[in-house]
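Below is one structure; the comments refer to it alone.
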Amino acid sequence: MREKENLTKLGSKVTTYAADYDPGVLETFQNKHPDNDYFVKFNCPEFTSLCPITGQPDFATIYISYVPGEKMVESKSLKLYLFSFRNHGDYHEDVVNVIMKDLIRLMDPKYIEVWGKFLPRGGISIDPYCNYGKPGTTWEAVAVDRLTHHDLYPETVNNR
């Protein structure tokens with residue numbers, strides 16, 4: 001089955017972790033239900049990248065939600081991709097946009113959103129959010145609506 005889907009990461013007995021940002025580790029498989037609109041959500045609570053100025057680590061939970069088209073991202077390759085940010089220096093806002101754009105190029109989803117909830121450094125937490133709806137589809141309007149109504153009622157933050 002792996003050969004049919006052309007997946008090399010899933011089920012591999014040897015896992016190689018990239019030392020720096022590497023979108024080349026991402027893999028896809030065919031969506032068996034491309035005519036159905038449904039969300040797939042990944043919660044990645046152990047995300048780490050580096051501040052591009054100080055080199056200090058930034059920790060976050062990254063939420064990725066998407067409505068697949070023909071292709072879906074394979075979760076182990078996504079885990080390895082997110083791990084590849086560990087030694088990569090980028091601002092929080094850049095991180096979520098890079099992740100989103102890489103996944104758009106990879107899968108051509110109907111809709112996708114990426115939300116980073118970064119732990120504070122210097123007393124400030126930053127929670128950037130970005131999204132995309134495929135142009136010319138109903139998902140384009142959904143993207144505008146979700147962005148304009150995003151975080152209207154933010155949670156109380158007591159632990160960050």
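Order determines the names: the first chain of the structure tokens is A, the second B, and so forth; residues in each chain are numbered 1 upward, and ligands are numbered 1 upward as they are shown.
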Please build the interface table for segment 67-153 of chain A against segment 14-23 of chain A with a cut-off of 6 Å, listing for each qualifying residue the nearest atom pair and the distance in Å to one decimal; count only C-alpha atoms, order rows by chain and increasing number, and write it as CSV.
residue,atom,partner,partner_atom,distance
A:Ser84,CA,A:Tyr21,CA,4.5
A:Phe85,CA,A:Tyr21,CA,4.9
A:Asn87,CA,A:Asp20,CA,5.4
A:His88,CA,A:Asp20,CA,5.6
*asked:* Excluding Asn97 of chain A and its own-chain neighbours fewer than 6 positions away, which residues fall within 10 Å of it when counting only C-alpha atoms? Please give them as a PyMOL selection string.
replied: chain A and resi 103+113-116+128-131
*asked:* Give me, as an MDAnalysis selection string, all polymer residues having an atom no more than 8 Å from segment 27-39 of chain A, counting only C-alpha atoms and skipping those fewer than 4 positions away in the same chain.
replied: chainID A and resid 5:7 65:74 77:78 106:107
Export N, CA, C and O atoms of the chosen residues as a compact mmCIF listing (two decimals), in the first residue's frame?
# COMPACT_ATOMS: atom_id res chain seq x y z
N GLU A 5 0.82 4.50 -2.73
CA GLU A 5 0.63 5.90 -2.35
C GLU A 5 1.93 6.69 -2.48
O GLU A 5 1.92 7.90 -2.35
N ASN A 6 3.05 6.03 -2.69
CA ASN A 6 4.34 6.68 -2.84
C ASN A 6 4.78 7.36 -1.54
O ASN A 6 5.39 8.42 -1.57
N LEU A 7 4.45 6.75 -0.41
CA LEU A 7 4.84 7.27 0.89
C LEU A 7 6.13 6.61 1.34
O LEU A 7 6.24 5.39 1.29
N SER A 65 -5.86 23.41 10.25
CA SER A 65 -7.15 22.85 9.84
C SER A 65 -7.29 23.06 8.35
O SER A 65 -6.99 24.14 7.85
N TYR A 66 -7.74 22.03 7.64
CA TYR A 66 -7.92 22.19 6.20
C TYR A 66 -9.07 21.34 5.69
O TYR A 66 -9.47 20.36 6.32
N VAL A 67 -9.60 21.79 4.56
CA VAL A 67 -10.60 21.03 3.82
C VAL A 67 -9.87 20.50 2.60
O VAL A 67 -9.46 21.27 1.73
N PRO A 68 -9.66 19.18 2.53
CA PRO A 68 -8.84 18.64 1.43
C PRO A 68 -9.54 18.68 0.08
O PRO A 68 -10.76 18.64 0.00
N GLY A 69 -8.71 18.76 -0.94
CA GLY A 69 -9.17 18.57 -2.31
C GLY A 69 -8.84 17.14 -2.70
O GLY A 69 -9.29 16.19 -2.06
N GLU A 70 -8.03 16.98 -3.71
CA GLU A 70 -7.64 15.64 -4.19
C GLU A 70 -6.57 14.99 -3.32
O GLU A 70 -6.49 13.77 -3.23
N LYS A 71 -5.72 15.81 -2.68
CA LYS A 71 -4.59 15.28 -1.91
C LYS A 71 -4.70 15.67 -0.44
O LYS A 71 -5.27 16.70 -0.11
N MET A 72 -4.10 14.83 0.41
CA MET A 72 -4.05 15.08 1.84
C MET A 72 -2.61 14.94 2.30
O MET A 72 -1.85 14.16 1.72
N VAL A 73 -2.24 15.66 3.35
CA VAL A 73 -0.88 15.56 3.87
C VAL A 73 -0.79 14.34 4.78
O VAL A 73 -1.69 14.06 5.57
N GLU A 74 0.28 13.60 4.64
CA GLU A 74 0.52 12.42 5.48
C GLU A 74 1.07 12.93 6.82
O GLU A 74 1.98 13.75 6.85
N SER A 77 4.92 12.74 7.85
CA SER A 77 5.74 13.70 7.11
C SER A 77 5.49 15.11 7.62
O SER A 77 6.41 15.93 7.68
N LEU A 78 4.25 15.41 8.04
CA LEU A 78 3.95 16.72 8.63
C LEU A 78 4.71 16.90 9.94
O LEU A 78 5.27 17.96 10.20
N LEU A 106 1.72 22.00 -1.62
CA LEU A 106 1.75 20.53 -1.55
C LEU A 106 0.41 19.90 -1.93
O LEU A 106 0.37 18.96 -2.72
N MET A 107 -0.68 20.42 -1.37
CA MET A 107 -1.96 19.73 -1.46
C MET A 107 -3.00 20.41 -2.34
O MET A 107 -3.96 19.75 -2.74
_For a quick check of understanding, using only C-alpha atoms, which of A:Thr137, A:Gln56, A:Ser49, A:Thr156 has the smallest distance to Leu82 of chain A?_
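With only C-alpha atoms as the atom set, the closest residue is A:Ser49.
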*Determine which residues of segment 36-133 of chain A receive a DSSP assignment of strand (DSSP E), computed from the backbone, and state them as a count of residues only.*
38
*For Lys110 of chain A, which residue out of A:Val98, A:Ala141, A:Ile62, A:Leu147 is the nearest one, using only C-alpha atoms?*
A:Ala141
*Which of these residues is nearest to Tyr132 of chain A, using only C-alpha atoms: A:Lys117, A:Arg146, A:Lys41, A:His92?*
A:Arg146
*Expressed in Å to a single decimal, how great is the separation between atom CA of Leu26 of chain A and atom CA of Ile53 of chain A?*
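Between atom CA of Leu26 of chain A and atom CA of Ile53 of chain A the gap is 27.4 Å.
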*Rank nothing, just name the residue among A:Leu152, A:Val144, A:Leu119, A:Cys44 nearest to Lys76 of chain A, using only C-alpha atoms.*
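Ranked by minimum distance to Lys76 of chain A, first place goes to A:Cys44.
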